file run_9.txt (compact mmCIF, C-alpha atoms)
# COMPACT_ATOMS: atom_id res chain seq x y z
CA MET K 1 -5.89 -11.26 -21.73
CA ALA K 2 -5.17 -8.98 -18.79
CA PRO K 3 -6.63 -10.15 -15.47
CA VAL K 4 -9.73 -8.96 -13.69
CA VAL K 5 -8.28 -6.87 -10.86
CA ILE K 6 -9.98 -6.28 -7.52
CA VAL K 7 -8.56 -3.58 -5.26
CA GLY K 8 -9.19 -4.38 -1.60
CA SER K 9 -9.45 -7.55 0.50
CA GLY K 10 -12.40 -6.82 2.74
CA MET K 11 -15.77 -8.52 2.64
CA ALA K 12 -16.76 -6.85 -0.63
CA ALA K 13 -13.59 -7.89 -2.43
CA TYR K 14 -13.49 -11.49 -1.22
CA SER K 15 -17.25 -12.01 -1.62
CA LEU K 16 -17.01 -10.79 -5.19
CA ALA K 17 -14.02 -13.01 -5.93
CA ARG K 18 -15.84 -16.03 -4.51
CA GLU K 19 -18.99 -15.30 -6.53
CA PHE K 20 -16.93 -14.61 -9.67
CA ARG K 21 -15.26 -18.01 -9.45
CA LYS K 22 -18.70 -19.67 -9.43
CA HIS K 23 -19.24 -18.33 -12.96
CA ASP K 24 -15.74 -18.10 -14.35
CA LYS K 25 -12.94 -20.51 -13.45
CA GLU K 26 -10.63 -19.48 -16.29
CA THR K 27 -10.05 -15.74 -16.26
CA ALA K 28 -7.00 -14.65 -14.29
CA LEU K 29 -7.93 -12.85 -11.09
CA LEU K 30 -5.62 -10.48 -9.25
CA ILE K 31 -6.40 -9.00 -5.85
CA VAL K 32 -4.36 -5.99 -4.72
CA THR K 33 -4.63 -5.05 -1.06
CA ALA K 34 -2.95 -2.47 1.16
CA ASP K 35 -3.06 -4.74 4.23
CA ASP K 36 -2.05 -8.35 4.87
CA GLY K 37 -5.06 -9.79 3.03
CA SER K 38 -6.44 -11.79 5.95
CA ALA K 39 -10.09 -12.68 5.50
CA TYR K 40 -12.29 -11.80 8.45
CA SER K 41 -15.79 -10.64 9.14
CA LYS K 42 -15.87 -6.92 9.79
CA PRO K 43 -19.21 -6.98 11.67
CA MET K 44 -17.54 -9.23 14.24
CA LEU K 45 -15.13 -6.46 15.29
CA SER K 46 -17.76 -4.84 17.48
CA ASN K 47 -18.81 -8.16 19.02
CA ALA K 48 -15.59 -9.96 19.70
CA LEU K 49 -14.30 -8.62 23.01
CA ALA K 50 -16.78 -10.23 25.34
CA LYS K 51 -16.05 -13.51 23.57
CA GLN K 52 -12.37 -12.82 24.27
CA LYS K 53 -11.43 -13.19 20.64
CA THR K 54 -8.03 -11.97 19.58
CA ALA K 55 -7.51 -10.42 16.16
CA GLN K 56 -5.79 -13.64 15.15
CA ALA K 57 -8.83 -15.69 16.17
CA LEU K 58 -11.04 -13.60 13.87
CA VAL K 59 -9.00 -14.49 10.81
CA THR K 60 -10.92 -17.08 8.82
CA ALA K 61 -8.23 -17.46 6.15
CA THR K 62 -4.82 -15.96 5.37
CA ALA K 63 -4.10 -14.24 2.06
CA GLU K 64 -2.24 -17.36 0.95
CA GLN K 65 -5.21 -19.60 1.74
CA MET K 66 -7.58 -17.18 0.01
CA GLY K 67 -5.37 -17.18 -3.06
CA LEU K 68 -5.59 -20.97 -3.26
CA GLN K 69 -9.32 -21.05 -2.58
CA LEU K 70 -10.06 -18.43 -5.21
CA ASP K 71 -7.39 -19.41 -7.71
CA ALA K 72 -6.28 -15.79 -7.53
CA GLU K 73 -3.00 -13.98 -7.23
CA ILE K 74 -2.98 -11.73 -4.18
CA HIS K 75 -0.59 -8.82 -3.77
CA THR K 76 -0.49 -7.84 -0.10
CA PHE K 77 0.80 -4.59 1.43
CA ALA K 78 0.40 -3.05 -2.03
CA ARG K 79 -1.35 0.28 -2.24
CA VAL K 80 -2.72 1.34 -5.61
CA THR K 81 -1.49 4.85 -6.27
CA ALA K 82 -3.00 5.67 -9.65
CA ILE K 83 -5.45 4.37 -12.25
CA ASP K 84 -5.51 5.09 -15.95
CA GLY K 85 -8.97 4.19 -17.25
CA GLU K 86 -8.09 4.97 -20.84
CA GLU K 87 -5.07 2.66 -20.89
CA HIS K 88 -6.61 0.06 -18.54
CA THR K 89 -3.65 0.18 -16.19
CA LEU K 90 -3.08 0.84 -12.53
CA ASN K 91 0.02 1.71 -10.59
CA ILE K 92 1.39 0.46 -7.31
CA GLY K 93 4.08 3.07 -6.94
CA THR K 94 6.28 2.53 -9.97
CA GLU K 95 4.95 -0.93 -10.75
CA MET K 96 2.34 -0.91 -13.52
CA ILE K 97 -0.39 -3.53 -13.87
CA ARG K 98 -2.74 -4.04 -16.80
CA TYR K 99 -6.40 -4.96 -16.17
CA SER K 100 -9.30 -6.04 -18.33
CA LYS K 101 -11.89 -5.04 -15.72
CA LEU K 102 -11.15 -3.25 -12.49
CA VAL K 103 -13.23 -3.38 -9.31
CA LEU K 104 -12.67 -0.90 -6.50
CA ALA K 105 -13.64 -2.43 -3.17
CA LEU K 106 -11.78 0.05 -1.02
CA GLY K 107 -14.20 0.31 1.87
CA ALA K 108 -14.65 3.35 4.06
CA GLU K 109 -12.62 5.15 6.65
CA PRO K 110 -13.63 6.54 10.01
CA PHE K 111 -14.86 10.08 9.99
CA ARG K 112 -12.61 12.11 12.30
CA PRO K 113 -14.60 14.28 14.66
CA PRO K 114 -13.53 17.92 14.98
CA ILE K 115 -12.11 17.82 18.49
CA GLU K 116 -9.73 20.15 20.26
CA GLY K 117 -6.86 18.98 22.39
CA ASP K 118 -5.35 15.58 21.83
CA ALA K 119 -7.57 14.43 18.97
CA ASP K 120 -4.90 12.02 17.74
CA SER K 121 -5.40 9.87 20.83
CA VAL K 122 -8.97 9.10 19.79
CA LEU K 123 -9.05 5.56 18.43
CA SER K 124 -11.34 3.97 15.91
CA VAL K 125 -11.80 0.32 15.00
CA ASN K 126 -12.32 0.01 11.28
CA ASP K 127 -10.29 -3.06 10.41
CA LEU K 128 -8.60 -6.05 11.98
CA ALA K 129 -5.31 -4.22 12.64
CA ASP K 130 -7.26 -1.47 14.43
CA TYR K 131 -9.01 -4.11 16.51
CA ASP K 132 -5.70 -5.66 17.46
CA ARG K 133 -4.31 -2.25 18.50
CA PHE K 134 -7.49 -1.42 20.42
CA ARG K 135 -7.32 -4.67 22.37
CA GLN K 136 -3.77 -3.88 23.39
CA MET K 137 -4.70 -0.33 24.37
CA ILE K 138 -7.53 -1.40 26.68
CA GLU K 139 -5.53 -4.17 28.31
CA GLY K 140 -5.47 -3.43 32.04
CA LYS K 141 -7.62 -0.31 31.57
CA LYS K 142 -11.06 0.30 33.00
CA ARG K 143 -12.95 3.33 31.65
CA ILE K 144 -13.78 3.72 27.98
CA ALA K 145 -15.56 6.67 26.39
CA ILE K 146 -17.31 6.04 23.09
CA LEU K 147 -18.05 8.93 20.75
CA GLY K 148 -21.28 8.22 18.89
CA GLY K 149 -24.23 6.07 19.89
CA GLY K 150 -25.19 4.76 16.48
CA LEU K 151 -25.10 1.16 15.42
CA ILE K 152 -21.37 0.56 15.88
CA GLY K 153 -21.17 2.71 19.02
CA CYS K 154 -23.97 0.74 20.68
CA GLU K 155 -22.50 -2.61 19.68
CA PHE K 156 -19.15 -1.62 21.15
CA ALA K 157 -20.83 -0.27 24.29
CA ASN K 158 -22.59 -3.59 24.81
CA ASP K 159 -19.51 -5.63 24.02
CA LEU K 160 -17.13 -3.60 26.21
CA SER K 161 -19.56 -3.53 29.13
CA SER K 162 -20.05 -7.27 28.93
CA ALA K 163 -16.27 -7.62 28.93
CA GLY K 164 -16.15 -5.74 32.23
CA TYR K 165 -15.34 -2.17 31.20
CA GLN K 166 -16.99 1.02 32.44
CA VAL K 167 -18.43 2.59 29.33
CA SER K 168 -19.66 6.13 28.66
CA VAL K 169 -21.36 6.95 25.36
CA ILE K 170 -21.66 10.52 24.10
CA ASP K 171 -24.20 11.04 21.34
CA ARG K 172 -25.85 14.06 19.80
CA ASN K 173 -29.25 12.36 19.78
CA PRO K 174 -31.32 11.96 22.93
CA GLN K 175 -31.35 8.14 22.65
CA PRO K 176 -29.39 5.42 20.84
CA LEU K 177 -29.65 5.20 17.06
CA GLY K 178 -31.71 8.35 17.08
CA GLN K 179 -31.59 8.54 13.27
CA LEU K 180 -32.78 5.00 12.77
CA LEU K 181 -35.08 3.84 15.53
CA PRO K 182 -38.46 5.00 16.79
CA GLU K 183 -38.06 6.72 20.14
CA ARG K 184 -39.73 3.93 22.12
CA ILE K 185 -37.28 1.24 21.02
CA GLY K 186 -34.32 3.60 21.34
CA GLN K 187 -35.30 4.25 24.96
CA GLU K 188 -35.60 0.53 25.67
CA LEU K 189 -32.16 -0.05 24.21
CA GLN K 190 -30.77 2.79 26.28
CA SER K 191 -32.27 1.42 29.46
CA ALA K 192 -30.96 -2.09 28.66
CA LEU K 193 -27.46 -0.68 28.10
CA ASN K 194 -27.89 1.33 31.26
CA LYS K 195 -28.65 -1.76 33.33
CA LEU K 196 -25.45 -3.22 31.97
CA GLY K 197 -23.61 -0.18 33.35
CA VAL K 198 -23.36 2.05 30.28
CA ASP K 199 -23.43 5.73 31.13
CA TRP K 200 -25.37 7.54 28.36
CA HIS K 201 -24.74 11.21 27.59
CA GLY K 202 -27.44 12.16 25.10
CA GLN K 203 -27.84 15.42 23.20
CA ASP K 204 -24.21 16.19 23.75
CA THR K 205 -20.93 16.18 21.85
CA VAL K 206 -17.27 16.10 22.80
CA ASN K 207 -15.45 19.40 22.36
CA GLN K 208 -12.08 18.55 23.87
CA VAL K 209 -10.03 15.51 24.73
CA ASN K 210 -7.14 16.32 27.04
CA HIS K 211 -4.44 14.16 28.56
CA ASN K 212 -4.96 13.83 32.25
CA GLY K 213 -2.42 11.70 34.07
CA GLU K 214 -2.51 8.20 32.58
CA GLY K 215 -5.84 8.83 30.91
CA PHE K 216 -7.99 11.53 29.40
CA GLU K 217 -10.49 14.14 30.39
CA LEU K 218 -13.28 14.83 27.92
CA ILE K 219 -15.01 18.19 27.96
CA LEU K 220 -18.48 18.06 26.48
CA GLN K 221 -20.55 20.76 24.79
CA SER K 222 -22.79 20.83 27.85
CA GLY K 223 -19.83 21.60 30.08
CA ASN K 224 -19.93 18.12 31.60
CA LYS K 225 -16.65 16.31 32.00
CA ILE K 226 -15.88 12.62 31.64
CA SER K 227 -12.73 10.79 32.65
CA ALA K 228 -11.62 7.89 30.53
CA ASP K 229 -8.59 5.69 30.00
CA VAL K 230 -9.31 5.11 26.32
CA VAL K 231 -11.42 7.11 23.86
CA LEU K 232 -13.05 5.31 20.93
CA SER K 233 -14.75 7.12 18.07
CA ALA K 234 -17.72 5.48 16.35
CA ILE K 235 -19.31 8.50 14.75
CA GLY K 236 -19.45 7.17 11.25
CA LEU K 237 -17.62 6.28 8.07
CA ARG K 238 -16.75 8.05 4.88
CA SER K 239 -16.31 6.24 1.57
CA ARG K 240 -12.74 5.91 0.36
CA SER K 241 -12.97 7.64 -2.97
CA GLN K 242 -9.82 9.74 -3.33
CA LEU K 243 -8.06 7.27 -5.63
CA ALA K 244 -11.14 7.20 -7.86
CA ALA K 245 -11.48 10.98 -7.86
CA ASN K 246 -7.81 11.33 -8.84
CA ALA K 247 -8.43 8.95 -11.73
CA GLY K 248 -11.28 11.13 -12.98
CA LEU K 249 -14.17 8.90 -11.86
CA ALA K 250 -17.34 10.66 -10.80
CA VAL K 251 -17.43 10.84 -7.02
CA ASN K 252 -20.13 12.16 -4.75
CA ARG K 253 -20.60 10.71 -1.24
CA GLY K 254 -19.00 7.58 -2.66
CA ILE K 255 -17.73 6.43 -6.04
CA VAL K 256 -20.75 6.99 -8.27
CA VAL K 257 -21.87 3.78 -10.00
CA ASP K 258 -24.94 2.73 -11.97
CA SER K 259 -27.14 -0.28 -11.29
CA TYR K 260 -24.46 -2.49 -12.90
CA LEU K 261 -22.00 -1.05 -10.38
CA GLN K 262 -20.05 0.49 -13.26
CA SER K 263 -18.45 3.85 -12.57
CA SER K 264 -18.41 6.82 -14.92
CA ILE K 265 -15.44 5.18 -16.67
CA LYS K 266 -15.97 1.99 -18.66
CA ASP K 267 -14.60 -1.25 -17.20
CA ILE K 268 -14.11 0.27 -13.75
CA TYR K 269 -16.60 -0.83 -11.11
CA ALA K 270 -17.06 -0.12 -7.40
CA LEU K 271 -18.61 -2.33 -4.72
CA GLY K 272 -19.30 -2.11 -1.01
CA ASP K 273 -18.76 0.79 1.39
CA CYS K 274 -16.83 2.89 -1.18
CA ALA K 275 -19.65 2.83 -3.74
CA GLU K 276 -22.63 5.09 -4.15
CA VAL K 277 -25.18 2.94 -5.94
CA LYS K 278 -28.02 4.84 -7.57
CA GLY K 279 -27.52 7.72 -5.13
CA ALA K 280 -27.15 5.70 -1.93
CA VAL K 281 -24.15 4.55 0.10
CA LEU K 282 -25.25 1.42 1.97
CA PRO K 283 -22.46 0.35 4.32
CA PHE K 284 -23.96 -2.97 5.38
CA VAL K 285 -23.27 -6.59 4.59
CA MET K 286 -26.50 -7.47 2.82
CA PRO K 287 -26.25 -4.84 0.06
CA LEU K 288 -22.66 -5.77 -0.61
CA MET K 289 -23.52 -9.48 -0.87
CA ILE K 290 -26.32 -8.72 -3.30
CA GLY K 291 -24.02 -6.39 -5.22
CA ALA K 292 -21.25 -9.01 -5.31
CA ARG K 293 -23.59 -11.62 -6.80
CA ALA K 294 -24.78 -9.30 -9.56
CA LEU K 295 -21.33 -7.92 -10.36
CA ALA K 296 -19.81 -11.41 -10.49
CA LYS K 297 -22.24 -12.29 -13.28
CA THR K 298 -21.55 -9.02 -15.08
CA LEU K 299 -17.79 -9.61 -14.93
CA ALA K 300 -18.31 -13.15 -16.20
CA GLY K 301 -20.07 -11.83 -19.29
CA ALA K 302 -23.74 -11.74 -18.30
CA PRO K 303 -24.57 -8.09 -17.47
CA THR K 304 -26.77 -8.14 -14.37
CA ALA K 305 -28.24 -5.10 -12.65
CA VAL K 306 -28.33 -4.94 -8.87
CA GLU K 307 -31.80 -5.13 -7.45
CA TYR K 308 -32.02 -4.53 -3.74
CA PRO K 309 -34.93 -6.02 -1.85
CA ALA K 310 -35.98 -4.47 1.45
CA MET K 311 -32.90 -5.04 3.62
CA PRO K 312 -33.32 -5.02 7.41
CA VAL K 313 -30.23 -4.33 9.51
CA ALA K 314 -29.59 -6.39 12.65
CA LEU K 315 -28.20 -4.55 15.64
CA LYS K 316 -25.96 -6.99 17.49
CA THR K 317 -26.50 -5.77 21.01
CA PRO K 318 -27.09 -9.07 22.87
CA VAL K 319 -28.56 -7.19 25.84
CA TYR K 320 -31.35 -5.91 23.57
CA PRO K 321 -31.18 -7.16 19.97
CA ILE K 322 -33.02 -5.17 17.31
CA SER K 323 -33.78 -5.62 13.62
CA VAL K 324 -34.57 -2.41 11.83
CA LEU K 325 -35.66 -1.45 8.35
CA PRO K 326 -35.79 2.32 8.43
CA PRO K 327 -38.37 3.94 6.16
CA ALA K 328 -36.92 5.97 3.27
CA PRO K 329 -36.39 9.57 4.42
CA SER K 330 -38.95 10.91 1.96
CA VAL K 331 -41.76 8.63 3.19
CA GLU K 332 -44.37 10.17 5.43
CA GLY K 333 -46.18 8.10 7.97
CA GLU K 334 -46.19 7.16 11.60
CA TRP K 335 -44.85 4.53 13.93
CA GLN K 336 -47.38 2.09 15.33
CA ILE K 337 -46.07 0.36 18.41
CA GLU K 338 -47.16 -3.03 19.73
CA GLN K 339 -45.56 -4.15 22.94
CA THR K 340 -45.58 -7.63 24.42
CA ASP K 341 -43.68 -9.06 27.38
CA ASP K 342 -40.44 -9.73 25.61
CA ALA K 343 -40.73 -7.79 22.37
CA ILE K 344 -41.65 -4.53 20.71
CA LYS K 345 -42.95 -4.40 17.19
CA ALA K 346 -42.81 -0.91 15.71
CA LEU K 347 -44.35 -0.60 12.26
CA PHE K 348 -43.95 2.49 10.13
CA VAL K 349 -47.19 2.88 8.20
CA ASP K 350 -48.06 5.51 5.60
CA ALA K 351 -51.39 7.29 5.10
CA ALA K 352 -52.61 4.52 2.79
CA GLY K 353 -52.00 1.92 5.51
CA GLN K 354 -49.00 0.50 3.68
CA LEU K 355 -46.02 -0.86 5.69
CA ARG K 356 -42.94 1.25 4.81
CA GLY K 357 -40.46 0.25 7.49
CA PHE K 358 -40.13 -1.41 10.88
CA ALA K 359 -38.09 -1.92 14.01
CA LEU K 360 -38.39 -5.19 15.91
CA SER K 361 -36.86 -5.95 19.27
CA GLY K 362 -36.52 -9.04 21.39
CA SER K 363 -38.27 -12.16 20.15
CA ALA K 364 -40.01 -10.18 17.37
CA GLY K 365 -36.62 -9.82 15.62
CA LYS K 366 -36.98 -13.29 14.15
CA GLN K 367 -39.78 -12.05 11.91
CA ALA K 368 -37.61 -9.40 10.25
CA ALA K 369 -36.65 -11.34 7.11
CA VAL K 370 -40.24 -12.33 6.41
CA MET K 371 -41.74 -8.97 7.31
CA ALA K 372 -39.25 -7.23 5.01
CA LYS K 373 -40.93 -8.95 2.06
CA SER K 374 -44.15 -7.07 2.69
CA VAL K 375 -42.53 -3.64 3.02
CA LYS K 376 -43.14 -1.24 0.17
CA LEU K 377 -39.85 0.53 -0.60
CA MET E 1 -29.89 -31.56 16.31
CA LYS E 2 -27.09 -29.13 15.46
CA LYS E 3 -26.53 -25.40 15.30
CA TRP E 4 -24.96 -23.52 12.42
CA GLN E 5 -23.47 -20.08 12.62
CA CYS E 6 -23.05 -17.47 9.91
CA ILE E 7 -19.34 -16.73 9.77
CA VAL E 8 -20.07 -13.17 8.73
CA CYS E 9 -22.63 -11.85 11.19
CA GLY E 10 -22.93 -14.51 13.84
CA PHE E 11 -26.56 -15.42 13.14
CA ILE E 12 -27.29 -18.92 14.47
CA TYR E 13 -29.51 -21.44 12.73
CA ASP E 14 -30.72 -23.93 15.29
CA GLU E 15 -32.04 -27.08 13.63
CA ALA E 16 -34.29 -27.77 16.62
CA GLU E 17 -36.03 -24.42 16.27
CA GLY E 18 -35.99 -24.09 12.50
CA LEU E 19 -37.19 -20.76 11.14
CA PRO E 20 -40.97 -21.10 11.20
CA ALA E 21 -41.37 -17.44 10.10
CA GLU E 22 -39.57 -18.36 6.87
CA GLY E 23 -41.45 -21.61 6.42
CA ILE E 24 -38.60 -23.77 7.71
CA ALA E 25 -40.17 -26.16 10.21
CA PRO E 26 -38.58 -26.92 13.57
CA GLY E 27 -36.33 -29.94 13.21
CA THR E 28 -35.29 -29.14 9.64
CA ARG E 29 -31.75 -30.37 9.23
CA TRP E 30 -29.13 -28.08 7.71
CA GLU E 31 -28.61 -30.29 4.68
CA ASP E 32 -32.32 -30.07 3.90
CA ILE E 33 -32.29 -26.28 3.61
CA PRO E 34 -32.16 -25.23 -0.05
CA ASP E 35 -28.71 -24.20 -1.36
CA ASP E 36 -29.98 -20.81 -2.46
CA TRP E 37 -31.08 -19.95 1.08
CA SER E 38 -29.18 -17.06 2.62
CA CYS E 39 -28.65 -15.64 6.08
CA PRO E 40 -31.73 -13.66 7.14
CA ASP E 41 -29.56 -11.09 8.94
CA CYS E 42 -26.81 -10.33 6.45
CA GLY E 43 -27.61 -12.18 3.24
CA VAL E 44 -24.53 -14.38 2.93
CA ALA E 45 -24.98 -17.73 1.26
CA LYS E 46 -25.61 -21.04 3.03
CA GLU E 47 -22.03 -22.14 2.26
CA ASP E 48 -20.72 -19.37 4.55
CA PHE E 49 -22.06 -21.01 7.67
CA GLU E 50 -20.19 -23.37 9.89
CA MET E 51 -21.23 -25.81 12.55
CA VAL E 52 -20.97 -24.58 16.10
CA GLU E 53 -20.99 -26.47 19.36
CA ALA E 54 -24.46 -26.44 20.86

call {"tool": "encode", "arguments": {"input": "run_9.txt", "output": "structure tokens"}}
result
Amino acid sequence: MAPVVIVGSGMAAYSLAREFRKHDKETALLIVTADDGSAYSKPMLSNALAKQKTAQALVTATAEQMGLQLDAEIHTFARVTAIDGEEHTLNIGTEMIRYSKLVLALGAEPFRPPIEGDADSVLSVNDLADYDRFRQMIEGKKRIAILGGGLIGCEFANDLSSAGYQVSVIDRNPQPLGQLLPERIGQELQSALNKLGVDWHGQDTVNQVNHNGEGFELILQSGNKISADVVLSAIGLRSRSQLAANAGLAVNRGIVVDSYLQSSIKDIYALGDCAEVKGAVLPFVMPLMIGARALAKTLAGAPTAVEYPAMPVALKTPVYPISVLPPAPSVEGEWQIEQTDDAIKALFVDAAGQLRGFALSGSAGKQAAVMAKSVKL
Amino acid sequence: MKKWQCIVCGFIYDEAEGLPAEGIAPGTRWEDIPDDWSCPDCGVAKEDFEMVEA
């Protein structure tokens, strides 16, 4: 029989492979990846500088070691160029590979902001190779401008500041994680980052990035100017779905899959940041772990639907850690804020008094996993 | 007493503190935590933790 083929070698791909092997030790497994196949934890990329970790130090296993661990064949530096769902084949250039089931775990790519001037100099850190390049770029430099003050932008701001850099953040919202956090906690996070030395430019965007001597000058919408040696973009990710679209799979904001993570074409599945599961793209670790467990069973012959519990997201800003479970956009209600010395508990409660979401900072963060169980989704 | 760190998200389980909010009493040793337990921050399985220096 043709192998189960997984495309990608990020957390989704390797987590799925690991879970699959718990249920099926016989079926041949082939992993095809465009990069070198090193296993690493992507969430660590925005937390590794202050700990002085090199890209190499973040590698938990090489492709070769993963292949042995998973009893899988791994093709590295191999980019899938086409998929034929009818024939159950995929192409890597001219090489053709047959699959029994195919899983797309392609991840997401950084959204490129529309910027005038030298937009190509704007970096993003979306994988280990990017991280390695970024570390080299900031070596001996001082001032770093970060575009976007969302989750990743704030984690990088904290990490870079702690590592001794002068950081400016430009964000269209008035305070950090404006889409996710109640104002009160966002302000506290901003002031904590501020104390660390982070210069926050809220309600503003970058219009131009121009070379200026060794570094750059950023011209903002407001007319303000910022000088920086390195410019990092953290304004968000877009699912990688072009390969799927070319193959005729239904694609919306991500590759459209049902609750079994099956795409619009039989025997082709999608998992992780590239997938839109029941209408939602959830680019976090917890949904992909839960998805990997269910899909592993499905691939091993026991069809299992994904059921997501309430999934809080931890913001790894050591200067002010936060756990947040944002209420669904359609839910109406209000934030109720309780403040103690070292913590803020913000509870999003609907008209019926039901807990629909929360944001917990400081020592309250430890209650997130338990509190999530009492949230009505 | 030891500390264990999630290799994915960096969450630290400190045996001395336990996780009282989850019903894991202070002093609970790693090996006594059920195998189906998962990281409260990111959901990875117990097997994806490693020991860290306290």

call {"tool": "closest_residue", "arguments": {"input": "run_9.txt", "among": "E:Leu19, E:Ile33, E:Val8, E:Ala25", "to": "chain K", "atoms": "all atoms listed in the file"}}
result
E:Val8

call {"tool": "closest_residue", "arguments": {"input": "run_9.txt", "among": "E:Asp14, E:Cys39, E:Lys3, E:Phe49", "to": "Pro26 of chain E", "atoms": "all atoms listed in the file"}}
result
E:Asp14

call {"tool": "interface_residues", "arguments": {"input": "run_9.txt", "of": "chain E", "to": "chain K", "cutoff": "9 Å", "atoms": "all atoms listed in the file", "output": "list in words"}}
result
Ile7, Val8, Cys9, Gly10, Leu19, Ala21, Glu22, Pro40, Asp41, Cys42, Gly43, Val44 and Ala45 of chain E

call {"tool": "atom_distance", "arguments": {"input": "run_9.txt", "atom1": "atom CA of Ala310 of chain K", "atom2": "atom CA of Ala12 of chain K"}}
result
19.5 Å

call {"tool": "residues_around", "arguments": {"input": "run_9.txt", "residues": "Ala294 of chain K", "least_positions_apart": "5", "cutoff": "9 Å", "atoms": "all atoms listed in the file", "output": "NGL selection string"}}
result
:K and (19 or 260-261 or 289 or 299 or 303-307)

call {"tool": "axis_aligned_box", "arguments": {"input": "run_9.txt", "around": "segment 7-16 of chain K", "padding_each_side": "6 Å", "output": "JSON"}}
result
{"center_x": -12.9, "center_y": -7.8, "center_z": -1.3, "size_x": 20.7, "size_y": 20.4, "size_z": 20.0}

call {"tool": "closest_residue", "arguments": {"input": "run_9.txt", "among": "E:Trp30, E:Lys46, E:Met51, E:Gln5", "to": "Gly18 of chain E", "atoms": "all atoms listed in the file"}}
result
E:Trp30

call {"tool": "atom_distance", "arguments": {"input": "run_9.txt", "atom1": "atom CA of Val198 of chain K", "atom2": "atom CA of Ile144 of chain K"}}
result
10.0 Å

call {"tool": "atom_distance", "arguments": {"input": "run_9.txt", "atom1": "atom CA of Ile322 of chain K", "atom2": "atom CA of Ile337 of chain K"}}
result
14.2 Å

call {"tool": "residues_near_point", "arguments": {"input": "run_9.txt", "point": "(-40.9, -1.8, 10.6)", "cutoff": "8 Å", "atoms": "only C-alpha atoms", "output": "PDB file with C-alpha atoms, in the frame of the given file"}}
result
ATOM      1  CA  VAL K 324     -34.570  -2.410  11.830  1.00  0.00           C
ATOM      2  CA  LEU K 325     -35.660  -1.450   8.350  1.00  0.00           C
ATOM      3  CA  PRO K 326     -35.790   2.320   8.430  1.00  0.00           C
ATOM      4  CA  PRO K 327     -38.370   3.940   6.160  1.00  0.00           C
ATOM      5  CA  LYS K 345     -42.950  -4.400  17.190  1.00  0.00           C
ATOM      6  CA  ALA K 346     -42.810  -0.910  15.710  1.00  0.00           C
ATOM      7  CA  LEU K 347     -44.350  -0.600  12.260  1.00  0.00           C
ATOM      8  CA  PHE K 348     -43.950   2.490  10.130  1.00  0.00           C
ATOM      9  CA  LEU K 355     -46.020  -0.860   5.690  1.00  0.00           C
ATOM     10  CA  ARG K 356     -42.940   1.250   4.810  1.00  0.00           C
ATOM     11  CA  GLY K 357     -40.460   0.250   7.490  1.00  0.00           C
ATOM     12  CA  PHE K 358     -40.130  -1.410  10.880  1.00  0.00           C
ATOM     13  CA  ALA K 359     -38.090  -1.920  14.010  1.00  0.00           C
ATOM     14  CA  LEU K 360     -38.390  -5.190  15.910  1.00  0.00           C
ATOM     15  CA  MET K 371     -41.740  -8.970   7.310  1.00  0.00           C
ATOM     16  CA  ALA K 372     -39.250  -7.230   5.010  1.00  0.00           C
ATOM     17  CA  VAL K 375     -42.530  -3.640   3.020  1.00  0.00           C
TER      18      VAL K 375
END
